[in-house]
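Okay, structure first, notes after.
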Amino acid sequence: KAGVTQTPRYLIKTRGQQVTLSCSPISGHRSVSWYQQTPGQGLQFLFEYFSETQRNKGNFPGRFSGRQFSNSRSEMNVSTLELGDSALYLCASSWSFGDYEQYFGPGTRLTVT
Amino acid sequence: AQTVTQSQPEMSVQEAETVTLSCTYDTSESDYYLFWYKQPPSRQMILVIRQEAYKQQNATENRFSVNFQKAAKSFSLKISDSQLGDAAMYFCAYRSAIYQFYFGTGTSLTVIP
């Protein structure tokens, strides 16, 4: 069974641009969560989607948004990029909302210059 | 809001020896889950072990075990017979009653041959 995949793996953007990251969950998994990982902050929860609906949201500004499609694939969008948005963005999938067992993807490394 | 603290940014252990990674958390909830995740260099994060708060017995998975002290809000990970493949960043995580995950800032473990 294929694991969680994230595209692209690496991305370089300039301040003020926007970016869209993609996550394909494990087949059959219907819940996708997104995290931002930075060296000083560890992992911070962004949001979780289940059945195309955002079920949980972390403490991030509105520039961070997401969506989930009917096939459970999810995208995350960051608008008006700032230098501080440089991070590894991880997505994790699980069978259902509230499932404590989540499987992580390899992440997308975003660098904002 | 819940917080998770890992006070040891870096740890090292001799191969075949035992090491303990510390984690404390702050919460007013009585029902929650605790986890240790392992993130090897340039590889995906994987779940090492989990503990349900309502269970008094400490969880064990092969060479990995935890010391869960609910009253002290402490959740340490013990790795016995350390192997080179144990070298990684280890994250302690808390899952709240509303299914949000909170991660610590991580402990980088080096295994010395």
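Following the order of the structure tokens, chains are lettered A, B, ..., residues in each are numbered from 1, and ligands are numbered from 1.
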Which neighbours of range 72-81 of chain A fall inside 9 Å, counting only C-alpha atoms, when residues of the same chain fewer than 4 positions from it are skipped, and could you give them as a PDB file with C-alpha atoms, in the first residue's frame?
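Here's the written file out_32.pdb:
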```pdb
ATOM      1  CA  LYS A  13       9.169  31.289  -3.438  1.00  0.00           C
ATOM      2  CA  THR A  14       9.634  34.994  -2.908  1.00  0.00           C
ATOM      3  CA  ARG A  15       7.894  37.162  -0.356  1.00  0.00           C
ATOM      4  CA  GLY A  16       4.406  38.204  -1.346  1.00  0.00           C
ATOM      5  CA  GLN A  17       3.784  35.213  -3.595  1.00  0.00           C
ATOM      6  CA  GLN A  18       1.337  32.456  -2.876  1.00  0.00           C
ATOM      7  CA  VAL A  19       1.919  28.728  -2.844  1.00  0.00           C
ATOM      8  CA  THR A  20      -0.172  25.561  -3.019  1.00  0.00           C
ATOM      9  CA  LEU A  21       0.989  22.276  -1.538  1.00  0.00           C
ATOM     10  CA  SER A  22      -0.625  18.935  -2.215  1.00  0.00           C
ATOM     11  CA  CYS A  23      -1.109  15.833  -0.092  1.00  0.00           C
ATOM     12  CA  SER A  24      -2.435  12.430  -1.161  1.00  0.00           C
ATOM     13  CA  PRO A  25      -3.404  10.254   1.797  1.00  0.00           C
ATOM     14  CA  SER A  27      -5.728   4.750   0.155  1.00  0.00           C
ATOM     15  CA  GLY A  28      -8.881   4.512   2.264  1.00  0.00           C
ATOM     16  CA  HIS A  29      -7.845   7.229   4.676  1.00  0.00           C
ATOM     17  CA  ARG A  30     -10.347  10.040   4.776  1.00  0.00           C
ATOM     18  CA  SER A  31      -8.769  12.461   7.217  1.00  0.00           C
ATOM     19  CA  VAL A  32      -5.820  14.715   6.418  1.00  0.00           C
ATOM     20  CA  SER A  33      -4.007  16.979   8.856  1.00  0.00           C
ATOM     21  CA  TRP A  34      -1.402  19.608   8.082  1.00  0.00           C
ATOM     22  CA  TYR A  49      -9.948  17.936   6.988  1.00  0.00           C
ATOM     23  CA  PHE A  50     -12.385  15.068   6.938  1.00  0.00           C
ATOM     24  CA  SER A  51     -15.062  14.427   4.336  1.00  0.00           C
ATOM     25  CA  GLU A  52     -14.144  17.671   2.560  1.00  0.00           C
ATOM     26  CA  GLY A  62      -6.030  33.444   7.584  1.00  0.00           C
ATOM     27  CA  ARG A  63      -3.262  33.439   4.967  1.00  0.00           C
ATOM     28  CA  PHE A  64      -3.108  29.707   5.594  1.00  0.00           C
ATOM     29  CA  SER A  65      -6.018  27.836   4.102  1.00  0.00           C
ATOM     30  CA  GLY A  66      -6.792  24.390   2.865  1.00  0.00           C
ATOM     31  CA  ARG A  67      -9.311  22.192   1.223  1.00  0.00           C
ATOM     32  CA  GLN A  68     -10.052  18.551   0.667  1.00  0.00           C
ATOM     33  CA  ASP A  85       6.696  30.864   6.466  1.00  0.00           C
ATOM     34  CA  SER A  86       9.877  29.008   5.506  1.00  0.00           C
ATOM     35  CA  CYS A  91       0.672  16.248   6.127  1.00  0.00           C
ATOM     36  CA  VAL A 112      10.717  31.946   1.143  1.00  0.00           C
TER      37      VAL A 112
END
```
Close residues, Val13 in chain B itself excluded, 9 Å, only C-alpha atoms, min 5 positions apart in chain, as a PyMOL selection string = chain B and resi 18-19+82+109-113
Chain A residues near chain B (7 Å cut-off, only C-alpha atoms) as a short mmCIF file (atom, residue, chain, number, x, y, z; two decimals) with N, CA and C atoms, in the first residue's frame:
```
data_model
loop_
_atom_site.label_atom_id
_atom_site.label_comp_id
_atom_site.auth_asym_id
_atom_site.auth_seq_id
_atom_site.Cartn_x
_atom_site.Cartn_y
_atom_site.Cartn_z
N GLY A 40 12.76 25.82 15.68
CA GLY A 40 12.54 26.36 17.02
C GLY A 40 11.19 26.04 17.61
N GLN A 41 10.22 25.76 16.77
CA GLN A 41 8.83 25.58 17.24
C GLN A 41 8.36 24.14 17.21
N GLY A 42 9.15 23.26 16.62
CA GLY A 42 8.69 21.88 16.50
C GLY A 42 7.57 21.81 15.48
N LEU A 43 6.59 20.96 15.71
CA LEU A 43 5.45 20.85 14.82
C LEU A 43 4.28 21.63 15.38
N GLN A 44 3.67 22.40 14.52
CA GLN A 44 2.47 23.13 14.92
C GLN A 44 1.33 22.76 14.00
N PHE A 45 0.21 22.46 14.62
CA PHE A 45 -0.96 22.00 13.90
C PHE A 45 -1.60 23.15 13.12
N GLY A 98 -10.54 12.10 14.28
CA GLY A 98 -10.44 11.63 15.65
C GLY A 98 -9.59 10.38 15.82
N TYR A 103 -0.48 8.84 9.90
CA TYR A 103 0.69 8.47 9.12
C TYR A 103 1.17 9.71 8.36
N PHE A 104 2.45 10.01 8.53
CA PHE A 104 2.99 11.23 7.98
C PHE A 104 3.59 11.03 6.59
N GLY A 105 3.50 12.09 5.79
CA GLY A 105 4.19 12.13 4.52
C GLY A 105 5.60 12.66 4.70
N PRO A 106 6.36 12.72 3.60
CA PRO A 106 7.75 13.17 3.69
C PRO A 106 7.90 14.67 3.85
#
```
task = Please report, as an NGL selection string, each residue of range 20-88 of chain A to which DSSP assigns strand (DSSP E or B) when run on this structure's backbone.
result = :A and (20-24 or 31-38 or 42-50 or 53-57 or 64-68 or 74-78 or 87-88)
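Here the question is which of B:Cys23, B:Val48, B:Ala1, B:Ala16 gets nearest to Gln83 in chain B using only C-alpha atoms, and that residue is B:Ala16.
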ask   = Any idea what's packed within 6 Å of range 64-67 of chain B, counting only C-alpha atoms, ignoring anything in its chain fewer than 5 positions away? Could you give it as a list in words?
value =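 Within the cut-off, the hits are Asn58, Ala59, Phe75, Ser76, Leu77, Lys78 and Ile79 of chain B.
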